[in-house]
Amino acid sequence: MNNETLTLAGGITEWGFLAVAAGAYLTLSTALMAACFRWLRRLVDNVMQRSEERLDRLLETAGRQSDLLSEVAEALRPLSLSQARTVGSAVLRAEALSTGQAVAQWAPTGHDDAALLNRRARTAAERCLSSVRALMNHFHYRGRRLSAYTDDGWADVVAEAAAREARAPAGTATGGIGRAFDGLIADFYRRLDA
């Protein structure tokens, strides 16, 4: 009986040690699994956060590019006849004002050198025509730039009007530059309609 008791006690001890070892193993493996899952979750969260930031930057860049492309498409879209007339007359009226101001600045006060007046008038007219063409190059009508509806002879008209305006007595504006540009606007309209 004593032998049986010892055998029974030895079996209980072995089973007890086995139970304690199994409990410790399960506890340690659960803790290790939890730590691994936390590490993996943190790793995935960081990757997703970086991807989200990159995606936000990409969407912002795509939005800016879309805005730029819509501006380019708008600029390339041909104008209607009324829009072309409005743009052309606005550019020509602005240049008429600019040319008139230029003539007022260099009009002679005390001398009458006709050659100098003609050179200055010609320079102002050529500057005016190149400015008009540069501004109109941004717009299209019937597959052509609006500057294609201008004429080289316009510089002569502006130069003559500027020279007449400069030769006018001080303080008496003749309005010749304005009338010349009104004629240029009418010629521009005729060229658009042709």
# chains A, B, ... in the order shown; residues from 1 in each chain; ligands from 1
$ select_by_dssp --residues "segment 54-187 of chain A" --states "helix (DSSP H, G or I)" --output "PyMOL selection string"
chain A and resi 54-76+81-106+114-136+146-149+154-167+176-187
$ atom_distance --atom1 "atom CA of Ala125 of chain A" --atom2 "atom CA of Asp156 of chain A"
7.2 Å
$ atom_distance --atom1 "atom CA of Arg179 of chain A" --atom2 "atom CA of Ala194 of chain A"
22.8 Å
$ atom_distance --atom1 "atom CA of Cys128 of chain A" --atom2 "atom CA of Arg85 of chain A"
18.5 Å
$ closest_residue --among "A:Gln65, A:Leu135, A:Asp152, A:Asn3" --to "Val91 of chain A" --atoms "only C-alpha atoms"
A:Leu135
$ closest_residue --among "A:Ala31, A:Ala96, A:Ala148, A:Ala159" --to "Arg133 of chain A" --atoms "only C-alpha atoms"
A:Ala148
$ select_by_dssp --residues "segment 1-153 of chain A" --states "strand (DSSP E)" --output "list in words"
His140, Tyr141, Arg144 and Arg145 of chain A
$ residues_around --residues "Thr86 of chain A" --least-positions-apart "4" --cutoff "12 Å" --atoms "only C-alpha atoms" --output "compact mmCIF listing (two decimals) with N, CA, C and O atoms, in the first residue's frame"
# COMPACT_ATOMS: atom_id res chain seq x y z
N LEU A 79 -13.09 80.69 -79.86
CA LEU A 79 -14.06 81.69 -79.42
C LEU A 79 -15.24 81.74 -80.39
O LEU A 79 -15.11 81.40 -81.56
N SER A 80 -16.35 82.21 -79.90
CA SER A 80 -17.47 82.50 -80.79
C SER A 80 -17.19 83.86 -81.44
O SER A 80 -16.27 84.58 -81.04
N LEU A 81 -17.98 84.21 -82.44
CA LEU A 81 -17.76 85.49 -83.13
C LEU A 81 -17.89 86.67 -82.18
O LEU A 81 -17.07 87.59 -82.19
N SER A 82 -18.90 86.63 -81.32
CA SER A 82 -19.08 87.76 -80.39
C SER A 82 -17.93 87.84 -79.39
O SER A 82 -17.48 88.93 -79.03
N ALA A 90 -11.49 95.05 -77.20
CA ALA A 90 -10.92 95.42 -75.90
C ALA A 90 -9.42 95.62 -76.02
O ALA A 90 -8.86 96.59 -75.47
N VAL A 91 -8.74 94.74 -76.73
CA VAL A 91 -7.28 94.87 -76.91
C VAL A 91 -6.97 96.14 -77.68
O VAL A 91 -6.07 96.91 -77.32
N LEU A 92 -7.71 96.39 -78.75
CA LEU A 92 -7.43 97.57 -79.58
C LEU A 92 -7.74 98.86 -78.82
O LEU A 92 -7.01 99.84 -78.93
N ARG A 93 -8.80 98.89 -78.04
CA ARG A 93 -9.11 100.10 -77.26
C ARG A 93 -8.03 100.36 -76.20
O ARG A 93 -7.65 101.50 -75.95
N MET A 136 -3.35 89.08 -78.74
CA MET A 136 -4.35 88.30 -79.48
C MET A 136 -3.89 86.88 -79.79
O MET A 136 -4.70 86.05 -80.17
N PHE A 139 -5.76 83.75 -78.19
CA PHE A 139 -7.15 83.40 -78.49
C PHE A 139 -7.25 82.87 -79.92
O PHE A 139 -6.49 83.28 -80.80
N LEU A 146 -6.28 84.97 -83.20
CA LEU A 146 -6.91 86.27 -83.50
C LEU A 146 -5.91 87.23 -84.15
O LEU A 146 -6.31 88.12 -84.90
N ILE A 185 -10.73 98.73 -85.53
CA ILE A 185 -11.71 97.79 -84.97
C ILE A 185 -12.70 97.38 -86.05
O ILE A 185 -13.05 96.20 -86.18
N PHE A 188 -11.00 94.99 -88.27
CA PHE A 188 -10.89 93.70 -87.57
C PHE A 188 -12.20 92.93 -87.68
O PHE A 188 -12.20 91.72 -87.94
N TYR A 189 -13.32 93.62 -87.48
CA TYR A 189 -14.63 92.97 -87.59
C TYR A 189 -14.85 92.44 -89.02
O TYR A 189 -15.36 91.34 -89.21
N LEU A 192 -12.92 89.31 -89.47
CA LEU A 192 -13.54 88.17 -88.77
C LEU A 192 -14.72 87.63 -89.57
O LEU A 192 -14.95 86.40 -89.61
$ residues_around --residues "Ala180 of chain A" --least-positions-apart "3" --cutoff "10 Å" --atoms "only C-alpha atoms" --output "CSV table (one decimal) with N, CA, C and O atoms, in the first residue's frame"
chain,number,residue,atom,x,y,z
A,96,ALA,N,-5.1,101.8,-78.0
A,96,ALA,CA,-5.4,103.2,-78.3
A,96,ALA,C,-5.1,104.1,-77.2
A,96,ALA,O,-4.5,105.2,-77.3
A,154,TRP,N,-1.9,98.3,-90.5
A,154,TRP,CA,-2.4,99.0,-89.3
A,154,TRP,C,-1.4,99.9,-88.7
A,154,TRP,O,-1.7,101.0,-88.1
A,157,VAL,N,-1.5,103.3,-90.3
A,157,VAL,CA,-2.6,104.1,-89.8
A,157,VAL,C,-2.4,104.7,-88.5
A,157,VAL,O,-2.6,105.9,-88.2
A,158,VAL,N,-1.8,103.9,-87.6
A,158,VAL,CA,-1.5,104.4,-86.2
A,158,VAL,C,-0.4,105.4,-86.2
A,158,VAL,O,-0.5,106.4,-85.5
A,159,ALA,N,0.6,105.2,-87.1
A,159,ALA,CA,1.7,106.2,-87.1
A,159,ALA,C,1.2,107.5,-87.7
A,159,ALA,O,1.6,108.5,-87.1
A,160,GLU,N,0.4,107.5,-88.7
A,160,GLU,CA,-0.1,108.8,-89.2
A,160,GLU,C,-1.0,109.5,-88.2
A,160,GLU,O,-0.8,110.7,-88.0
A,161,ALA,N,-1.8,108.7,-87.5
A,161,ALA,CA,-2.7,109.4,-86.5
A,161,ALA,C,-1.8,109.9,-85.3
A,161,ALA,O,-2.1,111.0,-84.8
A,162,ALA,N,-0.8,109.2,-84.9
A,162,ALA,CA,0.1,109.6,-83.8
A,162,ALA,C,0.8,110.9,-84.2
A,162,ALA,O,1.0,111.8,-83.5
A,175,GLY,N,-8.3,113.8,-81.3
A,175,GLY,CA,-9.0,112.6,-81.2
A,175,GLY,C,-8.7,111.7,-82.4
A,175,GLY,O,-9.4,110.7,-82.6
A,176,GLY,N,-7.7,112.0,-83.1
A,176,GLY,CA,-7.3,111.2,-84.3
A,176,GLY,C,-6.9,109.8,-84.0
A,176,GLY,O,-7.2,108.9,-84.7
A,177,ILE,N,-6.2,109.6,-82.8
A,177,ILE,CA,-5.8,108.2,-82.5
A,177,ILE,C,-7.0,107.4,-82.2
A,177,ILE,O,-7.2,106.3,-82.6
A,183,GLY,N,-11.4,102.8,-86.7
A,183,GLY,CA,-11.3,102.2,-88.0
A,183,GLY,C,-10.6,100.9,-88.0
A,183,GLY,O,-11.0,100.0,-88.8
A,184,LEU,N,-9.6,100.7,-87.2
A,184,LEU,CA,-9.0,99.4,-87.0
A,184,LEU,C,-9.9,98.3,-86.5
A,184,LEU,O,-9.9,97.2,-86.9
A,185,ILE,N,-10.7,98.7,-85.5
A,185,ILE,CA,-11.7,97.8,-85.0
A,185,ILE,C,-12.7,97.4,-86.0
A,185,ILE,O,-13.0,96.2,-86.2
A,186,ALA,N,-13.2,98.3,-86.9
A,186,ALA,CA,-14.1,98.0,-88.0
A,186,ALA,C,-13.4,97.1,-89.0
A,186,ALA,O,-14.0,96.1,-89.4
